[in-house]
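Okay, final32.txt now, which holds compact mmCIF, C-alpha atoms:
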# COMPACT_ATOMS: atom_id res chain seq x y z
CA MET A 1 0.00 0.00 0.00
CA LYS A 2 1.22 3.47 -0.85
CA SER A 3 2.10 5.81 2.00
CA LYS A 4 -0.71 8.11 3.07
CA GLY A 5 -0.96 11.32 5.02
CA ASP A 6 -3.67 13.66 6.32
CA ILE A 7 -4.72 17.20 5.47
CA ILE A 8 -6.59 18.64 8.45
CA PHE A 9 -9.03 21.55 8.64
CA HIS A 10 -10.21 22.51 12.14
CA ILE A 11 -13.33 24.69 11.66
CA GLU A 12 -14.72 26.64 14.61
CA GLY A 13 -17.75 28.91 14.85
CA PHE A 14 -21.52 28.86 15.17
CA SER A 15 -24.42 27.61 13.08
CA GLY A 16 -27.13 30.08 14.00
CA SER A 17 -27.10 30.11 17.80
CA GLU A 18 -25.62 26.62 18.10
CA LYS A 19 -21.94 25.82 18.34
CA LEU A 20 -20.57 24.31 15.15
CA THR A 21 -20.28 20.50 15.24
CA PRO A 22 -20.54 17.78 12.58
CA ASP A 23 -24.26 17.61 13.44
CA THR A 24 -24.84 21.35 12.84
CA PHE A 25 -22.55 21.77 9.80
CA ASP A 26 -25.10 22.45 7.05
CA ILE A 27 -24.89 20.32 3.91
CA SER A 28 -24.71 23.39 1.63
CA ASP A 29 -21.72 24.69 3.62
CA LEU A 30 -20.12 21.25 3.43
CA LYS A 31 -20.59 21.24 -0.36
CA ASP A 32 -18.92 24.67 -0.71
CA PHE A 33 -16.08 23.63 1.58
CA LEU A 34 -15.40 20.37 -0.27
CA GLY A 35 -15.31 22.28 -3.56
CA ILE A 36 -12.68 24.66 -2.17
CA VAL A 37 -10.48 21.79 -0.96
CA ASN A 38 -10.84 19.99 -4.29
CA ASP A 39 -9.60 23.12 -6.09
CA MET A 40 -6.63 23.37 -3.70
CA LEU A 41 -5.55 19.87 -4.68
CA LYS A 42 -6.60 19.90 -8.33
CA VAL A 43 -3.31 20.93 -9.96
CA ASP A 44 -1.12 18.58 -7.91
CA ARG A 45 -3.53 15.65 -8.37
CA ILE A 46 -2.81 15.48 -12.11
CA GLY A 47 -1.27 12.07 -12.71
CA VAL A 48 -2.08 10.84 -9.18
CA ASP A 49 -4.51 7.90 -9.31
CA SER A 50 -5.00 7.23 -5.59
CA PRO A 51 -8.24 8.64 -4.15
CA VAL A 52 -8.47 11.42 -1.60
CA THR A 53 -10.92 10.37 1.12
CA PHE A 54 -12.79 12.47 3.69
CA ARG A 55 -14.10 12.10 7.22
CA GLN A 56 -15.41 14.43 9.92
CA GLU A 57 -14.61 14.39 13.61
CA ALA A 58 -15.89 16.43 16.53
CA GLY A 59 -14.05 19.33 18.00
CA SER A 60 -15.97 21.79 16.55
CA VAL A 61 -15.70 20.36 13.01
CA LYS A 62 -12.50 18.56 12.24
CA ALA A 63 -12.41 17.77 8.52
CA ILE A 64 -9.69 15.27 7.63
CA PHE A 65 -8.65 14.37 4.09
CA THR A 66 -6.47 11.28 3.69
CA ALA A 67 -4.33 11.45 0.55
CA PRO A 68 -1.12 10.05 -0.97
CA LEU A 69 1.87 11.32 1.00
CA GLU A 70 3.27 13.03 -2.11
CA LEU A 71 0.11 15.15 -2.35
CA VAL A 72 0.18 15.96 1.37
CA ALA A 73 3.84 17.02 1.12
CA LYS A 74 3.07 19.31 -1.83
CA LEU A 75 0.22 20.96 0.05
CA SER A 76 2.47 21.42 3.08
CA ALA A 77 4.96 23.23 0.82
CA ILE A 78 2.09 25.39 -0.45
CA LEU A 79 1.25 26.32 3.15
CA THR A 80 4.87 27.42 3.59
CA LEU A 81 4.55 29.71 0.54
CA THR A 82 1.16 30.99 1.70
CA ILE A 83 2.53 32.17 5.05
CA SER A 84 5.70 33.60 3.42
CA PRO A 85 6.05 37.31 2.50
CA PHE A 86 4.90 36.52 -1.05
CA GLY A 87 1.69 34.87 0.17
CA LEU A 88 -0.68 33.71 -2.57
CA ASP A 89 1.34 35.55 -5.23
CA ALA A 90 3.75 32.61 -5.41
CA LEU A 91 0.99 30.07 -6.20
CA ASN A 92 -0.55 29.07 -9.51
CA GLU A 93 -3.87 30.71 -10.36
CA THR A 94 -6.15 27.73 -9.57
CA THR A 95 -4.59 27.06 -6.16
CA ALA A 96 -4.40 30.76 -5.21
CA ARG A 97 -8.05 31.24 -6.12
CA ALA A 98 -8.98 28.26 -3.91
CA PHE A 99 -7.27 29.89 -0.92
CA GLU A 100 -9.06 33.17 -1.68
CA ASN A 101 -12.33 31.22 -1.72
CA LEU A 102 -11.43 29.73 1.68
CA GLN A 103 -10.95 33.28 2.97
CA GLU A 104 -14.36 34.30 1.56
CA PHE A 105 -15.97 31.19 3.08
CA SER A 106 -14.53 32.14 6.48
CA GLN A 107 -15.79 35.72 6.21
CA LYS A 108 -19.23 34.75 4.92
CA LYS A 109 -19.87 32.18 7.66
CA GLY A 110 -17.82 33.76 10.46
CA TYR A 111 -15.70 30.60 10.83
CA GLY A 112 -12.15 30.31 12.06
CA ILE A 113 -10.30 27.66 10.02
CA ARG A 114 -6.95 26.19 11.05
CA MET A 115 -5.30 24.21 8.25
CA SER A 116 -2.39 21.79 8.72
CA THR A 117 -1.01 18.47 7.48
CA SER A 118 0.48 15.37 9.05
CA PHE A 119 3.64 15.94 7.00
CA ASP A 120 5.09 18.71 9.18
CA LYS A 121 4.14 21.48 11.61
CA ASN A 122 3.17 24.16 9.06
CA THR A 123 -0.16 25.72 10.04
CA LEU A 124 -2.34 28.32 8.34
CA LEU A 125 -5.03 30.17 10.28
CA VAL A 126 -7.85 31.79 8.30
CA THR A 127 -10.38 33.98 10.12
CA PRO A 128 -12.91 36.64 9.10
CA GLY A 129 -10.22 39.18 10.02
CA THR A 130 -7.38 37.79 7.89
CA ASN A 131 -6.72 38.96 4.34
CA LEU A 132 -5.64 35.96 2.31
CA ARG A 133 -5.63 37.45 -1.19
CA ARG A 134 -3.31 38.01 -4.13
CA SER A 135 -1.79 41.37 -4.97
CA THR A 136 -3.85 43.41 -7.41
CA ASN A 137 -0.84 44.52 -9.51
CA LEU A 138 0.60 41.06 -10.03
CA TYR A 139 0.01 40.83 -13.77
CA ALA A 140 1.61 42.64 -16.69
CA ASP A 141 0.96 42.73 -20.44
CA ALA A 142 3.35 40.51 -22.36
CA GLU A 143 4.05 39.10 -25.81
CA LEU A 144 4.99 35.45 -26.10
CA TYR A 145 6.02 32.91 -28.71
CA LEU A 146 4.53 29.44 -28.50
CA TYR A 147 5.71 26.46 -30.52
CA GLY A 148 3.49 23.50 -31.44
CA LYS A 149 0.51 22.42 -33.54
CA ILE A 150 -2.88 23.95 -34.27
CA LEU A 151 -5.57 21.45 -33.20
CA SER A 152 -8.56 23.49 -34.35
CA TYR A 153 -9.55 26.99 -35.39
CA GLY A 154 -12.71 28.82 -36.36
CA GLY A 155 -15.61 30.86 -35.03
CA LYS A 156 -18.25 33.13 -36.55
CA VAL A 157 -18.27 36.07 -34.15
CA GLN A 158 -15.19 35.46 -31.99
CA GLY A 159 -12.41 33.46 -33.60
CA LYS A 160 -10.52 30.95 -31.51
CA ILE A 161 -7.52 28.68 -31.97
CA SER A 162 -6.68 25.58 -29.93
CA PHE A 163 -2.89 25.29 -29.87
CA ASP A 164 -0.99 22.31 -28.48
CA THR A 165 2.61 22.86 -27.32
CA GLY A 166 3.06 19.26 -26.21
CA ASN A 167 2.92 20.31 -22.55
CA GLU A 168 -0.36 22.22 -22.59
CA THR A 169 -3.22 23.17 -24.89
CA TYR A 170 -3.98 26.90 -25.09
CA HIS A 171 -7.21 28.50 -26.28
CA ILE A 172 -6.33 31.73 -28.06
CA LYS A 173 -8.60 34.48 -29.35
CA ALA A 174 -8.09 35.32 -33.02
CA ASP A 175 -9.43 37.84 -35.52
CA THR A 176 -11.93 36.04 -37.80
CA ASN A 177 -10.83 38.24 -40.72
CA LEU A 178 -7.28 37.03 -40.24
CA MET A 179 -8.38 33.40 -40.35
CA GLU A 180 -10.48 34.01 -43.46
CA ASP A 181 -7.33 35.17 -45.27
CA TRP A 182 -5.51 31.92 -44.60
CA LYS A 183 -4.98 30.22 -47.95
CA GLU A 184 -3.90 26.84 -46.60
CA ASN A 185 -5.03 24.31 -44.04
CA HIS A 186 -3.22 24.95 -40.76
CA TYR A 187 -4.57 21.83 -39.04
CA LYS A 188 -1.87 19.90 -37.15
CA ARG A 189 1.02 21.64 -38.87
CA GLU A 190 3.89 22.88 -36.74
CA TYR A 191 4.03 26.63 -36.22
CA ALA A 192 5.44 29.30 -34.03
CA ILE A 193 2.72 31.73 -33.01
CA ARG A 194 3.10 35.16 -31.50
CA VAL A 195 0.46 36.10 -28.94
CA SER A 196 -0.32 38.88 -26.51
CA ALA A 197 -1.32 37.89 -22.98
CA THR A 198 -1.53 38.98 -19.38
CA GLN A 199 1.18 37.19 -17.39
CA ASN A 200 2.01 36.76 -13.71
CA VAL A 201 5.33 38.56 -13.19
CA ILE A 202 6.42 36.16 -10.44
CA THR A 203 5.25 32.69 -11.53
CA GLY A 204 5.09 33.33 -15.29
CA GLU A 205 1.57 31.90 -15.38
CA ILE A 206 -0.70 33.25 -18.13
CA ALA A 207 -4.08 34.64 -17.07
CA ARG A 208 -6.83 32.42 -18.40
CA GLY A 209 -8.70 33.89 -21.38
CA SER A 210 -6.17 36.70 -21.97
CA MET A 211 -4.28 35.25 -24.95
CA LYS A 212 -4.81 36.84 -28.38
CA LEU A 213 -3.15 35.86 -31.65
CA ILE A 214 -0.87 38.44 -33.28
CA GLU A 215 0.67 36.36 -36.06
CA ILE A 216 1.53 32.84 -37.20
CA VAL A 217 5.10 32.13 -38.26
CA ASP A 218 6.22 29.15 -40.34
CA TYR A 219 8.11 27.03 -37.89
CA SER A 220 11.34 25.20 -38.50
CA ARG A 221 13.18 23.36 -35.74
CA LYS A 222 16.33 24.93 -37.09
CA ALA A 223 16.74 28.53 -35.90
CA ASN A 224 16.24 31.15 -38.61
CA GLU A 225 19.09 33.53 -37.87
CA GLU A 226 17.94 36.12 -40.42
CA TYR A 227 14.46 36.25 -38.86
CA LEU A 228 15.89 36.59 -35.32
CA GLN A 229 18.20 39.42 -36.36
CA LYS A 230 15.30 41.18 -38.08
CA LYS A 231 13.22 41.06 -34.88
CA ILE A 232 16.18 42.30 -32.83
CA ARG A 233 16.66 45.27 -35.19
CA GLN A 234 12.94 46.09 -35.01
CA ALA A 235 12.90 45.96 -31.20
CA THR A 236 16.17 47.78 -30.50
CA PRO A 237 14.89 51.37 -31.04
CA HIS A 238 12.05 50.80 -28.56
CA TRP A 239 14.55 49.92 -25.82
CA ALA A 240 16.90 52.83 -26.37
CA GLY A 241 17.82 54.39 -23.04
CA VAL A 242 16.04 51.73 -20.98
CA ASP A 243 17.95 50.05 -18.18
CA ALA A 244 16.75 46.44 -18.60
CA ASP A 245 17.72 45.37 -15.07
CA GLN A 246 15.92 48.33 -13.50
CA TYR A 247 12.86 47.76 -15.71
CA ILE A 248 12.56 44.11 -14.61
CA LYS A 249 13.09 45.11 -10.98
CA GLU A 250 10.27 47.66 -11.18
CA ILE A 251 7.65 45.38 -12.78
CA ARG A 252 8.49 42.57 -10.37
CA GLU A 253 8.56 44.92 -7.37
CA ASP A 254 11.97 43.52 -6.26
CA ALA A 255 10.71 39.90 -6.31
CA TYR A 256 13.25 37.32 -7.51
CA VAL A 257 15.70 39.94 -8.80

If you took the structure in this file and wrote it as structure tokens, what would it be?
Amino acid sequence: MKSKGDIIFHIEGFSGSEKLTPDTFDISDLKDFLGIVNDMLKVDRIGVDSPVTFRQEAGSVKAIFTAPLELVAKLSAILTLTISPFGLDALNETTARAFENLQEFSQKKGYGIRMSTSFDKNTLLVTPGTNLRRSTNLYADAELYLYGKILSYGGKVQGKISFDTGNETYHIKADTNLMEDWKENHYKREYAIRVSATQNVITGEIARGSMKLIEIVDYSRKANEEYLQKKIRQATPHWAGVDADQYIKEIREDAYV
């Protein structure tokens, strides 16, 4: 049997005028809470087949999730990041949003929630008075090149391309007029595409739904030196007088510089 560990949530508060216990924990609140925990684990559960099981114990409500030790260790590391100076800013979007939802759940119901694992002593306390949220200025506009294959494209009002890089499939907005001008079938051919997007300046994660196609470039696995030099010449005037190190430091607000 694979090694297991526990993820523990100790929830304290009141249900109406009664003290919170497993018998007074409303089923709708339980549903919302289970959804939040599922989102916390979602990213790290990819490729993990073992189930995550759940039980409740008294003391107000003690919710215990038994999971593969690897998953418990990853969540313990996430707790370390969450209580660090960078807080939720260091987490991927799905996981960070789950912790924000836990904060909203605490504020909405007036619950105090103490979260820990059996892996180590890291503990996170969420109360109606805490502020477990991401920074508002965490994202910046960016242009990116992606390399891979077009799986599908089309759309009458809003064009969209599904693009597979081999590691991930991206859904990218595209101008329908641009697609109408394509004179060849792009399906499953290898391309480099240039896109605009909103990107997390710390984790590099791309904000969902922000990607928009700028151009498609014929892709060769061999570097096209002439094309690269052309792009460098085009970009150079725009960076005249800019201190690159200072620019990066400013947009990252001294993080990881």

* When you draw a straight line from CA of His238 in chain A to CA of Ser210 in chain A, how long is it in Å? ->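 CA of His238 in chain A sits 24.0 Å away from CA of Ser210 in chain A.
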
Next on the checklist: Neighbouring residues of range 139-151 of chain A were defined as those with any atom within 8 Å, considering only C-alpha atoms; residues of the same chain fewer than 3 positions away were excluded. Please report them as a PyMOL selection string.
Outcome noted: chain A and resi 136+161-166+186-201+219+251

Since we have the selection now, will you write its residues out, keeping C-alpha atoms, as a compact mmCIF listing (two decimals), in the coordinates of the input?
# COMPACT_ATOMS: atom_id res chain seq x y z
CA THR A 136 -3.85 43.41 -7.41
CA ILE A 161 -7.52 28.68 -31.97
CA SER A 162 -6.68 25.58 -29.93
CA PHE A 163 -2.89 25.29 -29.87
CA ASP A 164 -0.99 22.31 -28.48
CA THR A 165 2.61 22.86 -27.32
CA GLY A 166 3.06 19.26 -26.21
CA HIS A 186 -3.22 24.95 -40.76
CA TYR A 187 -4.57 21.83 -39.04
CA LYS A 188 -1.87 19.90 -37.15
CA ARG A 189 1.02 21.64 -38.87
CA GLU A 190 3.89 22.88 -36.74
CA TYR A 191 4.03 26.63 -36.22
CA ALA A 192 5.44 29.30 -34.03
CA ILE A 193 2.72 31.73 -33.01
CA ARG A 194 3.10 35.16 -31.50
CA VAL A 195 0.46 36.10 -28.94
CA SER A 196 -0.32 38.88 -26.51
CA ALA A 197 -1.32 37.89 -22.98
CA THR A 198 -1.53 38.98 -19.38
CA GLN A 199 1.18 37.19 -17.39
CA ASN A 200 2.01 36.76 -13.71
CA VAL A 201 5.33 38.56 -13.19
CA TYR A 219 8.11 27.03 -37.89
CA ILE A 251 7.65 45.38 -12.78

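Closest approach to Ser3 in chain A among A:Asn177, A:Gln56, A:Ser17, A:Ser118 is made by A:Ser118 (distances from all atoms listed in the file).
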
Query - Separation of CA of Asn224 in chain A from CA of Pro237 in chain A, in Å and rounded to one decimal - result: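 Interatomic distance, CA of Asn224 in chain A to CA of Pro237 in chain A: 21.6 Å.
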
Calculate how many Å separate CA of Glu70 in chain A from CA of Pro85 in chain A, rounding to one decimal.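 If I compute the distance from CA of Glu70 in chain A to CA of Pro85 in chain A, I get 24.9 Å.
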
In terms of all atoms listed in the file, the residue from A:Asp44, A:Asp120, A:Asp49, A:Asp39 at minimal distance from Leu79 in chain A is A:Asp120

**Message:** Within 8 Å of (-3.9, 40.9, -31.9) in the file's own coordinates, which protein, DNA or RNA residues have an atom, counting only C-alpha atoms? List them as a count of residues only.
**Reply:** 8

Show me, as a PyMOL selection string, the residues that have an atom within 8 Å of Phe14 in chain A when counting only C-alpha atoms, minus same-chain residues fewer than 4 positions from it. chain A and resi 18-20+110-111

- Name the residues, using the chain letters and numbers of the file, that sit within 9 Å of (-2.7, 20.2, -7.1) when counting all atoms listed in the file, and give them as a list in words.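 Those residues, ordered by chain and then number, are Asn38, Asp39, Met40, Leu41, Lys42, Val43, Asp44, Arg45, Ile46, Leu71, Lys74, Leu75, Thr94 and Thr95 of chain A.
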
- Find the residue from A:Ala96, A:Met211, A:Ile206, A:Ile7 that sits nearest to Asn122 in chain A; use only C-alpha atoms when measuring.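 Comparing A:Ala96, A:Met211, A:Ile206, A:Ile7 against Asn122 in chain A, the winner is A:Ile7.
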
In terms of all atoms listed in the file, the residue from A:Arg208, A:Gly16, A:Ile78, A:Gly155 at minimal distance from Ala90 in chain A is A:Ile78

Next on the checklist: With distances taken over only C-alpha atoms, which residue among A:Gln107, A:Thr21, A:Thr66, A:Thr130 lies nearest Ile8 in chain A?
Outcome noted: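 Closest residue, counting only C-alpha atoms: A:Thr66.
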
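Proximity ranking of A:Ser116, A:Ser135, A:Thr123, A:Ser15 relative to Arg97 in chain A places A:Ser135 first, based on all atoms listed in the file.
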
- Message: Can you tell me which residues surround Asp89 in chain A at a distance of at most 9 Å, considering all atoms listed in the file, apart from same-chain residues fewer than 5 positions away, and format the answer as JSON, numbers by chain?
- Response: {"A": [81, 82, 96, 133, 134, 135, 138, 200, 202, 203]}

Only C-alpha atoms, please: the residues just picked out, written as a compact mmCIF listing (two decimals), in the coordinates of the input.
# COMPACT_ATOMS: atom_id res chain seq x y z
CA LEU A 81 4.55 29.71 0.54
CA THR A 82 1.16 30.99 1.70
CA ALA A 96 -4.40 30.76 -5.21
CA ARG A 133 -5.63 37.45 -1.19
CA ARG A 134 -3.31 38.01 -4.13
CA SER A 135 -1.79 41.37 -4.97
CA LEU A 138 0.60 41.06 -10.03
CA ASN A 200 2.01 36.76 -13.71
CA ILE A 202 6.42 36.16 -10.44
CA THR A 203 5.25 32.69 -11.53

All heavy atoms for range 110-121 of chain A, written as a PDB file, in the frame of the given file, could you do that?
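part25.pdb, written as the output of this step:
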ATOM      1  N   GLY A 110     -18.345  33.386   9.157  1.00  0.00           N
ATOM      2  CA  GLY A 110     -17.820  33.760  10.460  1.00  0.00           C
ATOM      3  C   GLY A 110     -16.995  32.654  11.106  1.00  0.00           C
ATOM      4  O   GLY A 110     -16.835  32.632  12.335  1.00  0.00           O
ATOM      5  N   TYR A 111     -16.459  31.745  10.304  1.00  0.00           N
ATOM      6  CA  TYR A 111     -15.700  30.600  10.830  1.00  0.00           C
ATOM      7  C   TYR A 111     -14.214  30.926  10.949  1.00  0.00           C
ATOM      8  O   TYR A 111     -13.641  31.632  10.121  1.00  0.00           O
ATOM      9  CB  TYR A 111     -15.839  29.387   9.913  1.00  0.00           C
ATOM     10  CG  TYR A 111     -17.228  28.817   9.785  1.00  0.00           C
ATOM     11  CD1 TYR A 111     -17.597  28.083   8.656  1.00  0.00           C
ATOM     12  CD2 TYR A 111     -18.181  28.977  10.788  1.00  0.00           C
ATOM     13  CE1 TYR A 111     -18.861  27.540   8.528  1.00  0.00           C
ATOM     14  CE2 TYR A 111     -19.454  28.445  10.674  1.00  0.00           C
ATOM     15  CZ  TYR A 111     -19.790  27.726   9.539  1.00  0.00           C
ATOM     16  OH  TYR A 111     -21.045  27.192   9.423  1.00  0.00           O
ATOM     17  N   GLY A 112     -13.596  30.350  11.970  1.00  0.00           N
ATOM     18  CA  GLY A 112     -12.150  30.310  12.060  1.00  0.00           C
ATOM     19  C   GLY A 112     -11.692  28.946  11.548  1.00  0.00           C
ATOM     20  O   GLY A 112     -12.243  27.915  11.960  1.00  0.00           O
ATOM     21  N   ILE A 113     -10.728  28.921  10.650  1.00  0.00           N
ATOM     22  CA  ILE A 113     -10.300  27.660  10.020  1.00  0.00           C
ATOM     23  C   ILE A 113      -8.793  27.524  10.180  1.00  0.00           C
ATOM     24  O   ILE A 113      -8.031  28.360   9.678  1.00  0.00           O
ATOM     25  CB  ILE A 113     -10.676  27.635   8.520  1.00  0.00           C
ATOM     26  CG1 ILE A 113     -12.175  27.901   8.342  1.00  0.00           C
ATOM     27  CG2 ILE A 113     -10.282  26.299   7.889  1.00  0.00           C
ATOM     28  CD1 ILE A 113     -12.587  28.155   6.903  1.00  0.00           C
ATOM     29  N   ARG A 114      -8.375  26.474  10.874  1.00  0.00           N
ATOM     30  CA  ARG A 114      -6.950  26.190  11.050  1.00  0.00           C
ATOM     31  C   ARG A 114      -6.596  24.999  10.152  1.00  0.00           C
ATOM     32  O   ARG A 114      -7.170  23.922  10.283  1.00  0.00           O
ATOM     33  CB  ARG A 114      -6.626  25.880  12.500  1.00  0.00           C
ATOM     34  CG  ARG A 114      -5.125  25.766  12.776  1.00  0.00           C
ATOM     35  CD  ARG A 114      -4.866  25.527  14.262  1.00  0.00           C
ATOM     36  NE  ARG A 114      -5.364  26.628  15.080  1.00  0.00           N
ATOM     37  CZ  ARG A 114      -4.689  27.753  15.316  1.00  0.00           C
ATOM     38  NH1 ARG A 114      -3.483  27.914  14.777  1.00  0.00           N
ATOM     39  NH2 ARG A 114      -5.205  28.695  16.057  1.00  0.00           N
ATOM     40  N   MET A 115      -5.655  25.217   9.242  1.00  0.00           N
ATOM     41  CA  MET A 115      -5.300  24.210   8.250  1.00  0.00           C
ATOM     42  C   MET A 115      -3.881  23.707   8.503  1.00  0.00           C
ATOM     43  O   MET A 115      -2.957  24.496   8.711  1.00  0.00           O
ATOM     44  CB  MET A 115      -5.401  24.818   6.845  1.00  0.00           C
ATOM     45  CG  MET A 115      -5.068  23.891   5.723  1.00  0.00           C
ATOM     46  SD  MET A 115      -5.246  24.757   4.121  1.00  0.00           S
ATOM     47  CE  MET A 115      -4.612  23.486   3.023  1.00  0.00           C
ATOM     48  N   SER A 116      -3.707  22.384   8.495  1.00  0.00           N
ATOM     49  CA  SER A 116      -2.390  21.790   8.720  1.00  0.00           C
ATOM     50  C   SER A 116      -2.326  20.449   8.005  1.00  0.00           C
ATOM     51  O   SER A 116      -3.309  19.990   7.418  1.00  0.00           O
ATOM     52  CB  SER A 116      -2.122  21.619  10.221  1.00  0.00           C
ATOM     53  OG  SER A 116      -3.086  20.745  10.787  1.00  0.00           O
ATOM     54  N   THR A 117      -1.169  19.803   8.062  1.00  0.00           N
ATOM     55  CA  THR A 117      -1.010  18.470   7.480  1.00  0.00           C
ATOM     56  C   THR A 117      -0.249  17.596   8.474  1.00  0.00           C
ATOM     57  O   THR A 117       0.372  18.095   9.417  1.00  0.00           O
ATOM     58  CB  THR A 117      -0.234  18.496   6.149  1.00  0.00           C
ATOM     59  OG1 THR A 117       1.153  18.725   6.417  1.00  0.00           O
ATOM     60  CG2 THR A 117      -0.755  19.572   5.212  1.00  0.00           C
ATOM     61  N   SER A 118      -0.283  16.300   8.219  1.00  0.00           N
ATOM     62  CA  SER A 118       0.480  15.370   9.050  1.00  0.00           C
ATOM     63  C   SER A 118       1.932  15.294   8.611  1.00  0.00           C
ATOM     64  O   SER A 118       2.735  14.599   9.244  1.00  0.00           O
ATOM     65  CB  SER A 118      -0.155  13.970   8.970  1.00  0.00           C
ATOM     66  OG  SER A 118      -0.151  13.499   7.620  1.00  0.00           O
ATOM     67  N   PHE A 119       2.281  16.021   7.539  1.00  0.00           N
ATOM     68  CA  PHE A 119       3.640  15.940   7.000  1.00  0.00           C
ATOM     69  C   PHE A 119       4.638  16.725   7.845  1.00  0.00           C
ATOM     70  O   PHE A 119       5.761  16.284   8.068  1.00  0.00           O
ATOM     71  CB  PHE A 119       3.652  16.466   5.556  1.00  0.00           C
ATOM     72  CG  PHE A 119       4.975  16.300   4.865  1.00  0.00           C
ATOM     73  CD1 PHE A 119       5.361  15.071   4.355  1.00  0.00           C
ATOM     74  CD2 PHE A 119       5.836  17.377   4.711  1.00  0.00           C
ATOM     75  CE1 PHE A 119       6.581  14.912   3.720  1.00  0.00           C
ATOM     76  CE2 PHE A 119       7.059  17.231   4.079  1.00  0.00           C
ATOM     77  CZ  PHE A 119       7.435  15.992   3.580  1.00  0.00           C
ATOM     78  N   ASP A 120       4.224  17.908   8.313  1.00  0.00           N
ATOM     79  CA  ASP A 120       5.090  18.710   9.180  1.00  0.00           C
ATOM     80  C   ASP A 120       4.231  19.632  10.025  1.00  0.00           C
ATOM     81  O   ASP A 120       3.019  19.453  10.108  1.00  0.00           O
ATOM     82  CB  ASP A 120       6.137  19.489   8.361  1.00  0.00           C
ATOM     83  CG  ASP A 120       5.500  20.392   7.309  1.00  0.00           C
ATOM     84  OD1 ASP A 120       4.339  20.813   7.502  1.00  0.00           O
ATOM     85  OD2 ASP A 120       6.146  20.659   6.281  1.00  0.00           O
ATOM     86  N   LYS A 121       4.856  20.631  10.648  1.00  0.00           N
ATOM     87  CA  LYS A 121       4.140  21.480  11.610  1.00  0.00           C
ATOM     88  C   LYS A 121       3.599  22.770  11.000  1.00  0.00           C
ATOM     89  O   LYS A 121       3.096  23.630  11.721  1.00  0.00           O
ATOM     90  CB  LYS A 121       5.058  21.814  12.788  1.00  0.00           C
ATOM     91  CG  LYS A 121       5.458  20.587  13.604  1.00  0.00           C
ATOM     92  CD  LYS A 121       6.342  20.967  14.779  1.00  0.00           C
ATOM     93  CE  LYS A 121       6.725  19.746  15.604  1.00  0.00           C
ATOM     94  NZ  LYS A 121       7.598  20.087  16.760  1.00  0.00           N
TER      95      LYS A 121
END
